[in-house]
Amino acid sequence: MLVAIVFAALGFQALGPVLPPSCSPSFQATALSIEEALQNHDFAKASDRLRLLPKPSITFSWDDQKVPAAYRSQFRASGDAAMSMWKTRVPGLTFSQKPKGDIRISFEPVLALRAGTNMPAAHVGFWSEDPTAPRLDYVIGLKRGSPLKGSEETDIFNDVAYCVGSYLGISDGVYDTYTMGTTDLSRPVRTAISGTESGTVHRNLQVVRTLQEAVKAKTPLIAAKSDLFIDPLVVDGDPAIQGDRVEFHVQLSNRGNGPLAFSMFPDCGCTVVTDPGVVSPGANRVVSFAVDTTNFTTNTTKHVAVYTNDPTTPVRMVTLNVKIKPRFRLLSPLGDTFVVPNGGLKYAIYLIPANGTSLEPISAKLTGPISAKVSFAPWQGVLPDPELNEGPLPRKGYKFTLDISGNLISGRNQATLQIFTSNPEFPDIAYPINAQKGIIALPEEVYMGLVGKVPKSFRFQVSRPGTPFKILGVTSNSPNIKASLVAGTGPNTYSISLQYDGNARAGELMAAVKVRTNDPKQPIIDVPVRAMIQ
C-alpha cells in the first residue's frame, strides 16, 4: 500500500492488470473503462463501474411464463443443472434466485433471425449499465433451427451454461462441444466446460479483485490495451506426401500499450501449436504450427483458434491449407458397405501405393464377425478412384480377395481388413468394411430411452446398399407412436420418423413398426420400439 501511495505521489502509474486470453469484449470494455477512470483520477466513476463486473455470488431471475406448463419443471431442472456444473468447475461460485438479479433468464416462442443468416437465433443476450436493470438480460427461444424444432432439455442446459459463461466474462468459443461454442442449432448432448473456459473465469475474477483493491486504495492505473495483428491469417503449406510433418509460421504483432496474452487451440489432435505466451507492447513474435498428415489422404484444411486479450477481437482464426499426396489408396469397386448373397461373395480390395513408395504386404487378416478367407497377390489394371474424382486409370499395386461365406448374422456386420507391410511408417493399414444380408433396419430395435409427458421425435434407417428398393408403407401398432417415411430419402437407404405424442401411461411402452417394401423376399421389415415412460 505504501509503495502505491509513494508512486502515486511521484506521478508514477502502474499498468492495469493483464487481462487473460479469451475474456469477452464486454468484460474487457468494462475493465478498461475502470482503468481509464483510475488513470484520470476519477475514483467515483471507477467505483460506480465496479458494479458492472461479474461477481462470484450470482443472482438471477427465472421467467418461464411463456414456457408451456408441461415443459416448465424439466427446463428449470436443466437450468439448475447448468449452474451446478459451473459451481463444480469454479469453486466459490454461488447462485441465488431473486426478483431482480444480475441475470434475467426468460423465454420467447421464436427469436428474430440471427444477423447475416436465414435462421432464428436460439438465444440472445442484452447487456445493460442501468443499475435498476439486470446486467445481462438473456432470452431463450422455445423453437430453433430451420425448419423450426422445439427446444429440448439439452438445449436449455447448454443455453443457460453459455449464459453464465457470458456473464462471467468469457468470449464466444469456436468449438461447439464446449460451453462457449456458439450455434443456433440443437446439439445432441450437453456441452462441457473446457479447462480454458474455467481458467478464464478464475483469472477474470482475479482481475476484478485487483481492480476493487485499486479503487478502494484510490491507486491510479494506466489502462493497458493490447492490439493484435496476425500476418498471415491464411497460410498455404508446401506440397507434402501423406505421413510428412508440415510446418507453418505466422507473426503476432502487438500494436497496443499493454501486454498481449495469447493461447492457441487447434481443431484437430493432428496439429501441434506454440505454448501460451505474452507479446510485449510494440513487439512481434513468430509462432509455429505443425500438422501430422499420417491420417490424411487428400488436401485438407486445419484451423487454429488464437485466443487473446485484444479488446476488439479476442478470438482470431488462423487457417492452414495442407496440400497432400496420398501415400497409398485402398479401393474397392463394391464400396465399404455391401450386401452378401446366400451363396457368399468374393470381395476385392486394391492397395495402390503412390509412385516411388515401397509398401509391400507381408500378411493380412480380417477381424470381426465376418467369416472369410483372405488372400493377396501383385496386381495391375484399370480402376477409378471416385473419392479423388478420378475416372478409370492404369494403376499398380496389390489385390486382396476376401472370400466371404453367406452365413452372416442378422444386421450389419462390421469387420476390418488389417494389412501388415514392410514400410516402417505404415506397418499396419486398416480398411473397415460392413456386410449385411438383404434389407435391414438400423438399429434393428429402437430404444427411445426415458421419456416424459411431452412429444418426442426419433428416427431409424432402412437400408440395402448397392441395390435400390422401394418402401411402400410404414405402420405402427401403438396409438402413441406415429411412424412415417421421411421425404427425399432412398433409394438405397430410407429414414423413418417416429413421433411420440407424450400421452402414454407411465411404465414400459412397447410398439411394433412394420415397414413394407417392394422386395418379394423381404416384404415386411419388423422393427420393435421400446421406451420407458416416466
# chains A, B, ... in the order shown; residues from 1 in each chain; ligands from 1
call {"tool": "residues_around", "arguments": {"residues": "A:Tyr347", "least_positions_apart": "3", "cutoff": "8 Å", "atoms": "only C-alpha atoms", "output": "PyMOL selection string"}}
result
chain A and resi 334+401-404
call {"tool": "select_by_dssp", "arguments": {"residues": "stretch 11-211 of chain A", "states": "helix (DSSP H, G or I)", "output": "VMD selection string"}}
result
chain A and resid 25 to 39 43 to 52 69 to 89 153 to 167 195 to 211
call {"tool": "residues_around", "arguments": {"residues": "A:Val164", "least_positions_apart": "5", "cutoff": "12 Å", "atoms": "only C-alpha atoms", "output": "PyMOL selection string"}}
result
chain A and resi 54-60+79-87+90+93-95+102-105+125+135-138+157-159+169-171+179-180+193+197-198+201
call {"tool": "residues_around", "arguments": {"residues": "A:Gly269", "least_positions_apart": "5", "cutoff": "12 Å", "atoms": "only C-alpha atoms", "output": "tab-separated table (two decimals) with N, CA, C and O atoms, in the first residue's frame"}}
result
chain	number	residue	atom	x	y	z
A	289	PHE	N	3.08	-23.77	-36.11
A	289	PHE	CA	2.12	-24.87	-36.08
A	289	PHE	C	2.71	-26.01	-36.90
A	289	PHE	O	3.48	-25.78	-37.84
A	290	ALA	N	2.37	-27.23	-36.54
A	290	ALA	CA	2.83	-28.39	-37.32
A	290	ALA	C	1.68	-29.37	-37.44
A	290	ALA	O	1.02	-29.70	-36.44
A	291	VAL	N	1.42	-29.84	-38.65
A	291	VAL	CA	0.33	-30.77	-38.92
A	291	VAL	C	0.91	-32.13	-39.29
A	291	VAL	O	1.73	-32.22	-40.22
A	292	ASP	N	0.51	-33.16	-38.55
A	292	ASP	CA	0.88	-34.53	-38.87
A	292	ASP	C	-0.10	-35.06	-39.91
A	292	ASP	O	-1.30	-35.17	-39.64
A	293	THR	N	0.38	-35.41	-41.08
A	293	THR	CA	-0.50	-35.78	-42.20
A	293	THR	C	-0.71	-37.29	-42.33
A	293	THR	O	-1.28	-37.75	-43.32
A	294	THR	N	-0.32	-38.06	-41.32
A	294	THR	CA	-0.39	-39.52	-41.43
A	294	THR	C	-1.78	-40.01	-41.78
A	294	THR	O	-1.95	-40.94	-42.58
A	295	ASN	N	-2.80	-39.40	-41.20
A	295	ASN	CA	-4.17	-39.90	-41.37
A	295	ASN	C	-4.95	-39.20	-42.47
A	295	ASN	O	-6.18	-39.35	-42.55
A	302	LYS	N	-6.90	-27.15	-41.88
A	302	LYS	CA	-6.96	-27.15	-40.43
A	302	LYS	C	-7.11	-25.72	-39.93
A	302	LYS	O	-6.70	-24.77	-40.61
A	303	HIS	N	-7.71	-25.58	-38.77
A	303	HIS	CA	-7.91	-24.25	-38.19
A	303	HIS	C	-7.33	-24.21	-36.78
A	303	HIS	O	-7.44	-25.18	-36.03
A	304	VAL	N	-6.74	-23.08	-36.45
A	304	VAL	CA	-6.23	-22.85	-35.10
A	304	VAL	C	-6.88	-21.58	-34.57
A	304	VAL	O	-6.76	-20.51	-35.18
call {"tool": "residues_around", "arguments": {"residues": "stretch 144-148 of chain A", "least_positions_apart": "5", "cutoff": "12 Å", "atoms": "only C-alpha atoms", "output": "list in words"}}
result
Glu108, Pro109, Val110, Leu111, Ala112, Leu113, Arg114, Thr117, Asn118, Met119, Pro120, Ala121, Ala122, His123, Asp155, Ile156, Asp159, Thr183, Asp184, Leu185, Ser186 and Arg187 of chain A
call {"tool": "closest_residue", "arguments": {"among": "A:Thr301, A:Thr357, A:Asn284, A:Asn321", "to": "A:Gln242", "atoms": "only C-alpha atoms"}}
result
A:Thr357
call {"tool": "residues_around", "arguments": {"residues": "A:Pro392", "least_positions_apart": "6", "cutoff": "10 Å", "atoms": "only C-alpha atoms", "output": "JSON, numbers by chain"}}
result
{"A": [381, 382, 383, 384, 385, 386]}
call {"tool": "closest_residue", "arguments": {"among": "A:Asn40, A:Gly256, A:Pro369, A:Val250", "to": "A:Met317", "atoms": "only C-alpha atoms"}}
result
A:Val250
call {"tool": "residues_around", "arguments": {"residues": "A:Ile349", "least_positions_apart": "2", "cutoff": "7 Å", "atoms": "only C-alpha atoms", "output": "PyMOL selection string"}}
result
chain A and resi 330-332+347+351+399-401
call {"tool": "atom_distance", "arguments": {"atom1": "atom CA of A:Ser22", "atom2": "atom CA of A:Ile34"}}
result
19.3 Å
call {"tool": "closest_residue", "arguments": {"among": "A:Ile370, A:Ile439, A:Val207, A:Val215", "to": "A:Asn492", "atoms": "only C-alpha atoms"}}
result
A:Ile439
call {"tool": "select_by_dssp", "arguments": {"residues": "stretch 301-464 of chain A", "states": "strand (DSSP E)", "output": "number ranges by chain"}}
result
A: 301-308, 315-322, 324-325, 328-331, 337-339, 345-353, 361-367, 372-385, 390-404, 412-421, 428-436, 440-442, 446-451, 456-463
call {"tool": "closest_residue", "arguments": {"among": "A:Thr416, A:Ser33, A:Gln74, A:Asn355", "to": "A:Gly397", "atoms": "only C-alpha atoms"}}
result
A:Asn355
call {"tool": "closest_residue", "arguments": {"among": "A:Ala435, A:Asn423, A:Thr200, A:Ile429", "to": "A:Ser410", "atoms": "only C-alpha atoms"}}
result
A:Ala435
call {"tool": "closest_residue", "arguments": {"among": "A:Thr467, A:Gln436, A:Thr300, A:Ser457", "to": "A:Lys482", "atoms": "only C-alpha atoms"}}
result
A:Ser457
